[in-house]
file model.cif (mmCIF, C-alpha atoms)
data_query
loop_
_atom_site.label_atom_id
_atom_site.label_comp_id
_atom_site.auth_asym_id
_atom_site.auth_seq_id
_atom_site.Cartn_x
_atom_site.Cartn_y
_atom_site.Cartn_z
CA MET A 1 141.85 127.00 105.33
CA LYS A 2 139.52 129.52 106.97
CA LEU A 3 138.30 127.70 110.03
CA GLY A 4 135.40 128.12 112.43
CA ILE A 5 135.09 126.49 115.86
CA LEU A 6 131.69 125.79 117.39
CA GLY A 7 131.67 124.09 120.77
CA GLY A 8 128.83 122.96 122.98
CA SER A 9 127.25 120.05 124.77
CA PHE A 10 125.07 119.17 121.75
CA ASN A 11 122.87 117.23 124.11
CA PRO A 12 121.17 116.79 121.70
CA VAL A 13 122.22 118.73 118.62
CA HIS A 14 119.17 120.59 117.25
CA LEU A 15 118.16 122.75 114.31
CA GLY A 16 119.24 125.91 116.11
CA HIS A 17 122.84 124.68 116.16
CA LEU A 18 122.75 123.90 112.45
CA PHE A 19 121.03 127.19 111.61
CA LEU A 20 123.78 129.12 113.41
CA ALA A 21 126.56 127.09 111.77
CA ASP A 22 125.07 127.62 108.33
CA LYS A 23 124.73 131.37 108.93
CA VAL A 24 128.31 131.75 110.17
CA PHE A 25 129.76 129.63 107.38
CA SER A 26 127.98 131.67 104.72
CA GLU A 27 128.58 135.16 106.09
CA LEU A 28 132.25 134.64 106.98
CA LYS A 29 132.97 132.56 103.86
CA LEU A 30 134.66 129.84 105.87
CA ASP A 31 136.10 126.63 104.45
CA ARG A 32 135.08 124.46 107.40
CA ILE A 33 133.49 124.61 110.83
CA VAL A 34 134.65 122.18 113.51
CA PHE A 35 131.97 121.06 115.97
CA ILE A 36 133.53 120.25 119.35
CA PRO A 37 131.23 118.39 121.76
CA ALA A 38 132.18 119.04 125.36
CA TYR A 39 132.98 116.28 127.81
CA LEU A 40 131.95 118.62 130.58
CA SER A 41 131.31 122.28 129.99
CA PRO A 42 132.62 124.76 132.60
CA PHE A 43 129.33 126.63 132.11
CA LYS A 44 127.10 123.61 132.81
CA LEU A 45 128.26 121.60 135.77
CA SER A 46 124.89 119.94 136.45
CA ALA A 47 124.32 116.26 137.05
CA GLU A 48 122.59 116.08 133.68
CA GLU A 49 125.80 117.07 131.94
CA THR A 50 127.96 114.55 133.77
CA GLU A 51 125.51 111.73 133.04
CA SER A 52 125.21 112.33 129.30
CA ASN A 53 126.66 109.68 127.02
CA ALA A 54 129.42 111.06 124.83
CA ASP A 55 129.01 108.29 122.25
CA ASP A 56 125.32 109.10 121.87
CA ARG A 57 126.03 112.81 121.44
CA ILE A 58 128.71 112.18 118.83
CA ALA A 59 126.42 109.74 117.02
CA MET A 60 123.65 112.34 116.87
CA LEU A 61 126.02 115.09 115.78
CA SER A 62 127.52 112.84 113.10
CA ALA A 63 124.07 111.95 111.81
CA ALA A 64 123.02 115.61 111.76
CA ILE A 65 125.89 116.65 109.46
CA ALA A 66 126.22 113.45 107.41
CA GLY A 67 127.39 114.14 103.87
CA ASP A 68 128.05 117.84 104.55
CA SER A 69 131.71 118.59 103.81
CA ARG A 70 131.45 122.03 105.39
CA TYR A 71 131.53 120.51 108.85
CA ALA A 72 133.89 118.38 110.93
CA ILE A 73 133.60 116.88 114.41
CA ASP A 74 136.54 116.81 116.82
CA ASP A 75 136.35 114.83 120.05
CA CYS A 76 139.41 116.42 121.68
CA GLU A 77 137.49 117.57 124.77
CA ILE A 78 135.84 114.19 125.24
CA ARG A 79 139.19 112.42 124.96
CA ARG A 80 140.68 114.93 127.38
CA GLU A 81 137.84 114.29 129.88
CA GLY A 82 137.08 116.53 132.79
CA VAL A 83 136.46 120.25 132.30
CA SER A 84 138.08 121.71 129.18
CA TYR A 85 138.83 125.39 128.89
CA THR A 86 138.37 127.20 125.61
CA ILE A 87 141.96 128.41 125.33
CA ASP A 88 143.28 124.83 125.56
CA THR A 89 140.89 123.64 122.87
CA ILE A 90 141.67 126.50 120.49
CA GLU A 91 145.41 125.94 120.78
CA ASP A 92 144.92 122.22 120.17
CA ILE A 93 142.77 122.86 117.07
CA ILE A 94 145.25 125.39 115.66
CA ALA A 95 148.15 122.97 116.13
CA ARG A 96 146.39 120.15 114.28
CA TYR A 97 144.21 121.87 111.67
CA LEU A 98 146.73 124.58 110.71
CA PRO A 99 144.16 127.25 109.74
CA SER A 100 145.14 130.22 107.60
CA GLY A 101 144.86 133.16 109.97
CA LYS A 102 142.97 133.16 113.23
CA PRO A 103 140.14 130.64 113.55
CA SER A 104 136.67 132.06 114.21
CA LEU A 105 135.39 131.04 117.64
CA VAL A 106 131.58 131.01 117.53
CA ILE A 107 129.74 131.69 120.79
CA GLY A 108 126.14 132.59 121.52
CA ASP A 109 125.15 136.00 122.83
CA ASP A 110 123.83 134.20 125.93
CA LEU A 111 127.47 133.49 126.87
CA ALA A 112 129.22 136.47 125.28
CA GLN A 113 128.54 138.99 128.06
CA ASP A 114 130.62 136.89 130.45
CA PHE A 115 133.45 136.32 127.97
CA PRO A 116 135.85 138.70 129.77
CA LYS A 117 135.55 136.40 132.82
CA TRP A 118 136.62 133.30 130.89
CA ARG A 119 139.97 131.78 131.72
CA ASP A 120 142.70 133.47 129.65
CA SER A 121 140.14 135.55 127.75
CA GLU A 122 142.84 138.01 126.66
CA LYS A 123 144.91 135.17 125.24
CA ILE A 124 141.85 133.82 123.41
CA LEU A 125 141.50 137.21 121.69
CA GLN A 126 145.12 136.96 120.55
CA VAL A 127 144.70 133.54 118.88
CA ALA A 128 141.08 133.61 117.67
CA ASP A 129 138.45 135.96 116.26
CA ILE A 130 135.29 136.02 118.37
CA VAL A 131 132.05 135.55 116.43
CA ILE A 132 128.84 136.12 118.37
CA GLY A 133 125.67 134.46 117.16
CA ARG A 134 122.17 135.46 118.20
CA ARG A 135 120.64 133.15 120.81
CA ILE A 136 118.67 135.72 122.85
CA ASP A 137 117.34 139.20 122.11
CA SER A 138 120.42 140.82 123.59
CA SER A 139 121.03 144.49 122.87
CA ALA A 140 124.07 144.71 125.13
CA GLY A 141 127.34 145.99 123.77
CA TYR A 142 130.58 144.09 124.14
CA SER A 143 133.87 145.55 125.28
CA PHE A 144 136.07 143.18 123.27
CA PRO A 145 136.66 142.84 119.50
CA HIS A 146 134.04 140.65 117.84
CA THR A 147 131.90 140.02 114.80
CA PHE A 148 128.16 139.83 115.42
CA ILE A 149 126.12 137.50 113.22
CA ASP A 150 122.71 139.12 113.17
CA GLY A 151 119.52 137.51 111.97
CA GLU A 152 116.54 135.58 113.22
CA LYS A 153 117.07 133.47 116.30
CA MET A 154 115.56 130.02 116.71
CA GLU A 155 113.72 129.50 119.96
CA ILE A 156 115.29 126.08 120.53
CA SER A 157 117.60 124.79 123.23
CA SER A 158 118.87 121.33 124.03
CA GLN A 159 117.23 121.59 127.44
CA MET A 160 113.89 122.32 125.77
CA VAL A 161 114.26 119.29 123.49
CA ARG A 162 115.16 116.99 126.39
CA GLN A 163 112.24 118.25 128.44
CA LYS A 164 109.74 117.74 125.62
CA ILE A 165 111.04 114.22 124.96
CA GLY A 166 110.81 113.30 128.63
CA GLU A 167 107.29 114.70 128.94
CA GLY A 168 106.06 113.08 125.73
CA GLY A 169 105.55 116.45 124.05
CA CYS A 170 106.12 117.57 120.47
CA TRP A 171 109.85 117.54 119.80
CA SER A 172 110.74 115.69 116.59
CA SER A 173 110.50 118.82 114.43
CA LEU A 174 113.19 120.50 116.55
CA VAL A 175 116.01 118.14 115.52
CA PRO A 176 117.23 116.68 112.21
CA SER A 177 115.36 113.51 111.24
CA ALA A 178 118.49 111.39 111.65
CA VAL A 179 118.88 112.68 115.23
CA ARG A 180 115.24 111.89 115.91
CA ASP A 181 115.82 108.30 114.77
CA ILE A 182 118.78 107.88 117.15
CA VAL A 183 116.78 109.27 120.08
CA MET A 184 113.99 106.80 119.33
CA ASP A 185 116.21 103.80 118.65
CA ARG A 186 118.32 104.34 121.79
CA ARG A 187 115.43 105.69 123.88
CA LEU A 188 117.38 108.73 124.98
CA TYR A 189 116.21 111.49 127.33
CA GLY A 190 113.34 109.44 128.72
CA TYR A 191 111.80 108.56 125.35
CA ASN A 192 109.53 105.63 126.22
CA GLY A 193 108.71 104.31 122.77
CA ALA A 194 105.13 105.55 122.80
CA VAL A 195 103.79 106.63 119.42
CA THR A 196 102.45 110.14 120.00
CA GLU A 197 100.71 112.28 117.43
CA ASP A 198 103.97 114.15 116.92
CA SER A 199 106.08 111.04 116.35
CA LEU A 200 103.63 108.94 114.30
CA HIS A 201 104.71 110.39 110.96
CA SER A 202 108.38 109.97 111.92
CA VAL A 203 107.85 106.32 112.81
CA ILE A 204 105.97 105.70 109.57
CA MET A 205 108.85 107.19 107.58
CA ARG A 206 111.34 104.90 109.32
CA ILE A 207 109.17 101.83 108.73
CA GLU A 208 108.59 102.74 105.09
CA THR A 209 112.35 103.16 104.60
CA GLU A 210 112.88 99.71 106.13
CA ALA A 211 110.29 98.21 103.77
CA ARG A 212 111.76 99.93 100.72
CA GLU A 213 115.32 98.86 101.55
CA THR A 214 114.64 95.24 102.55
CA LEU A 215 111.74 94.11 100.36
CA GLY A 216 111.88 93.64 96.61
CA THR A 217 110.37 96.34 94.42
CA ALA A 218 107.13 94.46 93.74
CA ARG A 219 106.66 93.56 97.40
CA PHE A 220 107.35 97.13 98.52
CA LEU A 221 104.84 98.55 96.02
CA HIS A 222 102.30 95.99 97.25
CA SER A 223 102.96 97.13 100.83
CA ARG A 224 102.50 100.77 99.93
CA ASN A 225 99.32 100.05 97.97
CA THR A 226 98.04 98.12 100.99
CA ALA A 227 98.89 101.10 103.20
CA LEU A 228 96.99 103.50 100.94
CA LEU A 229 93.87 101.32 100.78
CA ALA A 230 94.03 100.75 104.55
CA HIS A 231 94.28 104.52 105.02
CA ASP A 232 91.14 105.04 102.91
CA LEU A 233 89.18 102.25 104.59
CA CYS A 234 90.08 103.56 108.05
CA ARG A 235 88.83 107.00 107.09
CA ARG A 236 85.62 105.45 105.74
CA PHE A 237 84.92 103.42 108.88
CA GLY A 238 85.95 105.98 111.49
CA LEU A 239 89.44 104.74 112.41
CA ASP A 240 92.65 106.79 112.41
CA PRO A 241 93.82 106.75 108.75
CA MET A 242 97.54 107.06 109.53
CA THR A 243 97.35 104.11 111.92
CA GLY A 244 95.95 102.13 109.02
CA TYR A 245 98.75 103.36 106.78
CA LEU A 246 101.37 102.33 109.35
CA ALA A 247 99.96 98.81 109.69
CA GLY A 248 99.67 98.53 105.92
CA ILE A 249 103.22 99.60 105.11
CA ALA A 250 104.56 97.28 107.83
CA HIS A 251 102.47 94.17 107.27
CA ASP A 252 105.00 92.35 105.05
CA LEU A 253 108.25 93.31 106.80
CA GLY A 254 108.64 89.66 107.78
CA LYS A 255 108.89 88.67 104.11
CA GLN A 256 112.60 89.52 104.22
CA LEU A 257 113.29 86.72 106.72
CA ASP A 258 114.15 83.11 105.92
CA SER A 259 112.48 80.13 107.62
CA LYS A 260 114.93 79.94 110.53
CA GLN A 261 114.68 83.66 111.17
CA LEU A 262 110.89 83.55 111.07
CA LEU A 263 110.73 80.76 113.62
CA LYS A 264 113.23 82.57 115.84
CA HIS A 265 111.32 85.87 115.71
CA VAL A 266 107.89 84.47 116.56
CA LYS A 267 109.17 82.73 119.68
CA SER A 268 109.02 86.08 121.45
CA ASP A 269 105.29 86.58 120.82
CA GLU A 270 104.58 83.57 123.08
CA MET A 271 101.90 82.22 120.73
CA PRO A 272 101.83 78.54 119.70
CA ILE A 273 103.13 77.58 116.28
CA SER A 274 100.75 75.29 114.42
CA ASP A 275 101.79 72.20 112.49
CA LEU A 276 100.95 74.01 109.25
CA GLU A 277 103.15 76.96 110.24
CA LYS A 278 106.01 74.60 111.10
CA GLU A 279 105.62 72.98 107.71
CA LYS A 280 105.32 76.34 105.92
CA PRO A 281 107.15 78.95 108.03
CA ASN A 282 106.36 81.69 105.48
CA LEU A 283 102.89 81.76 107.02
CA LEU A 284 104.58 83.29 110.08
CA HIS A 285 105.74 86.42 108.27
CA GLY A 286 102.90 88.50 109.69
CA ARG A 287 103.66 87.50 113.26
CA ALA A 288 107.37 88.15 112.64
CA ALA A 289 106.56 91.61 111.26
CA ALA A 290 104.61 92.39 114.42
CA VAL A 291 107.63 91.37 116.51
CA LEU A 292 109.85 93.64 114.41
CA LEU A 293 107.43 96.52 114.93
CA ARG A 294 107.51 96.05 118.68
CA GLU A 295 111.23 95.39 119.14
CA LYS A 296 112.80 97.59 116.46
CA PHE A 297 110.30 100.42 116.09
CA CYS A 298 108.83 100.52 119.62
CA ILE A 299 105.25 100.02 118.41
CA HIS A 300 103.10 98.79 121.28
CA ASN A 301 99.63 99.61 119.95
CA LYS A 302 97.74 96.32 120.30
CA ASP A 303 95.45 97.01 117.34
CA ILE A 304 98.40 97.64 115.00
CA LEU A 305 100.30 94.59 116.19
CA GLU A 306 97.22 92.38 115.84
CA ALA A 307 96.45 93.70 112.36
CA VAL A 308 99.97 92.97 111.13
CA ALA A 309 100.23 89.59 112.87
CA VAL A 310 96.99 88.10 111.50
CA HIS A 311 96.83 89.65 108.04
CA THR A 312 97.67 86.34 106.31
CA SER A 313 95.16 83.96 107.87
CA GLY A 314 92.77 86.23 109.71
CA SER A 315 91.55 85.56 113.23
CA GLU A 316 88.24 84.55 114.73
CA ASN A 317 87.93 87.65 116.92
CA MET A 318 89.94 90.15 114.88
CA GLY A 319 89.35 93.83 115.52
CA ALA A 320 88.32 96.49 113.02
CA LEU A 321 91.87 97.50 112.05
CA ALA A 322 92.86 93.86 111.56
CA LYS A 323 89.86 93.39 109.27
CA ILE A 324 90.88 96.41 107.24
CA ILE A 325 94.48 95.22 106.80
CA TYR A 326 93.25 91.76 105.80
CA ILE A 327 90.97 93.30 103.19
CA ALA A 328 93.56 95.79 101.93
CA ASP A 329 96.25 93.11 101.59
CA LYS A 330 93.99 90.98 99.39
CA THR A 331 92.38 93.71 97.26
CA GLU A 332 94.90 96.53 96.70
CA VAL A 333 95.27 97.73 93.13
CA SER A 334 98.17 95.50 92.07
CA ARG A 335 96.23 92.36 92.95
CA ASN A 336 94.53 90.48 90.11
CA ILE A 337 91.04 90.14 91.57
CA ASP A 338 87.40 90.36 90.57
CA PRO A 339 86.67 94.06 89.85
CA ALA A 340 83.36 93.73 91.67
CA LEU A 341 85.22 92.71 94.83
CA ARG A 342 87.48 95.72 94.60
CA LYS A 343 84.55 98.02 93.89
CA ILE A 344 82.88 97.36 97.24
CA CYS A 345 86.02 98.60 98.98
CA TYR A 346 85.48 102.05 97.48
CA GLU A 347 81.75 102.49 98.04
CA ASP A 348 80.54 105.29 100.31
CA ASN A 349 78.66 103.08 102.76
CA SER A 350 80.28 103.65 106.18
CA ASN A 351 77.89 101.46 108.16
CA PRO A 352 80.04 99.41 110.56
CA ASP A 353 78.26 96.24 109.41
CA GLU A 354 79.52 96.91 105.89
CA LEU A 355 83.09 96.26 107.02
CA ASP A 356 82.11 92.71 107.95
CA ASN A 357 80.27 92.31 104.63
CA ILE A 358 83.44 93.27 102.76
CA LEU A 359 85.55 90.98 104.95
CA PHE A 360 83.21 88.04 104.29
CA ALA A 361 83.32 88.61 100.54
CA VAL A 362 87.10 88.88 100.51
CA LEU A 363 87.49 85.87 102.81
CA ARG A 364 85.34 83.65 100.60
CA LYS A 365 87.22 84.69 97.48
CA THR A 366 90.58 84.09 99.20
CA ILE A 367 89.54 80.64 100.42
CA SER A 368 88.22 79.72 96.97
CA LYS A 369 91.56 80.71 95.44
CA LEU A 370 93.54 78.68 97.99
CA GLN A 371 91.32 75.64 97.49
CA SER A 372 91.68 75.86 93.70
CA ARG A 373 95.46 75.64 94.22
CA LYS A 374 94.93 72.72 96.62
CA LEU A 375 96.58 74.62 99.48
CA ASP A 376 95.77 73.85 103.10
CA LEU A 377 93.74 76.36 105.09
CA SER A 378 94.94 77.40 108.52
CA GLU A 379 92.86 76.69 111.57
CA GLU A 380 92.46 80.43 112.15
CA THR A 381 91.12 80.97 108.63
CA LEU A 382 88.57 78.17 109.10
CA LYS A 383 87.48 79.63 112.47
CA LEU A 384 87.04 83.04 110.91
CA LEU A 385 85.04 81.58 108.03
CA LYS A 386 82.75 79.74 110.46
CA ARG A 387 82.18 82.90 112.49
CA MET A 388 81.39 84.96 109.40
CA GLU A 389 79.00 82.31 108.06
CA GLU A 390 77.16 82.22 111.38
CA ARG A 391 76.88 85.99 111.28
CA ASN A 392 75.41 85.96 107.80
CA ASN A 393 72.88 83.15 108.40
#

call {"tool": "encode", "arguments": {"input": "model.cif", "output": "structure tokens"}}
result
Amino acid sequence: MKLGILGGSFNPVHLGHLFLADKVFSELKLDRIVFIPAYLSPFKLSAEETESNADDRIAMLSAAIAGDSRYAIDDCEIRREGVSYTIDTIEDIIARYLPSGKPSLVIGDDLAQDFPKWRDSEKILQVADIVIGRRIDSSAGYSFPHTFIDGEKMEISSQMVRQKIGEGGCWSSLVPSAVRDIVMDRRLYGYNGAVTEDSLHSVIMRIETEARETLGTARFLHSRNTALLAHDLCRRFGLDPMTGYLAGIAHDLGKQLDSKQLLKHVKSDEMPISDLEKEKPNLLHGRAAAVLLREKFCIHNKDILEAVAVHTSGSENMGALAKIIYIADKTEVSRNIDPALRKICYEDNSNPDELDNILFAVLRKTISKLQSRKLDLSEETLKLLKRMEERNN
């Protein structure tokens, strides 16, 4: 087996690491590259390095290379603890992996100039081939045998990624999507859960995956149709379209929960549970979905949470986004409704008052349908109806 060795802190692993590994693997025609996350690098003895969580770094690295048989991860330096020196790691890898010929030790040109100063550098040259990858625009020559992997360099470093995360900057495009999800879920590097412009699409993708994997096919398609109509209505009435899409795709996440789970989830929103909701816990699925958004996906936008929570019954003082989700849920294209009711959702009139006109029309039709089935109306639905009737008198 022709083996490559690529060590580093991987704190976090980013696209630059994977780009270099892919380039080396292809050009040297290797059979496998072993990623070796450091417990503590002799080149980086800062407090940041000592405080990093090895389990988090391995989780991110594992997620970044999932399903790719070209790559392996070895935690020998983490198990060893303390500072590990390259010669010790190489000898350990050779003894266990039994490569054919010398393994290729991959280092960046930012470290290569100091290679002769490394501990037992001459011995390293005896047991491994040095492969230098481009990390900086270095034109310096090297006094030791090596192979240089030329090509474009990626202006990415782990320090840059950490800094952008901590400052709330744009960072999610610098790491594999699976790494991004771990950073968000575990709130690493100072990630505070805020939905920035950069992370909104990433959060939507995670929520949509959750909906697709946990809801039935028909319910998922309904959720996506609701998201699309909410997107269009938000654009029409001057709201952020992708915020509408997020609330729409998430509004039925609580449908996956049984009655006990629904009651357990809504306890954390500190809102009273009505007698009707106790009798029919399914009515709580919107509130439960809002709890899931906050606790699992770090969504704290009050408009989104309100829109998801009240989409079933409505609310007397619901905001514009909540009105849009209520309308979209009841009128999206898979619903069997009066064509005239659907038509008003697609008219060009963007007057803010028109949103209330649409809501009133949809509300009346919804109430009529519930009454025809002899179903009880919630107190919130009745309050909303009264308010809309007063507005239109």

call {"tool": "atom_distance", "arguments": {"input": "model.cif", "atom1": "atom CA of Val24 of chain A", "atom2": "atom CA of Glu91 of chain A"}}
result
20.9 Å

call {"tool": "closest_residue", "arguments": {"input": "model.cif", "among": "A:Pro12, A:Arg391, A:Asp303, A:His222", "to": "Lys330 of chain A", "atoms": "all atoms listed in the file"}}
result
A:His222

call {"tool": "resolve_selection", "arguments": {"input": "model.cif", "expression": "the PyMOL selection byres ((chain A and resi 149) around 9)", "output": "PyMOL selection string"}}
result
chain A and resi 20+23-24+27+131-134+147-148+150-151

call {"tool": "closest_residue", "arguments": {"input": "model.cif", "among": "A:Ala289, A:Thr86, A:Gln256, A:Ala218", "to": "Asp120 of chain A", "atoms": "only C-alpha atoms"}}
result
A:Thr86

call {"tool": "resolve_selection", "arguments": {"input": "model.cif", "expression": "the PyMOL selection byres ((chain A and resi 257-274) around 9)", "output": "list in words"}}
result
Leu253, Gly254, Lys255, Gln256, Asp275, Leu276, Glu277, Lys278, Glu279, Lys280, Pro281, Asn282, Leu284, His285, Arg287, Ala288, Ala289, Ala290, Val291, Leu292, Ser378 and Glu379 of chain A
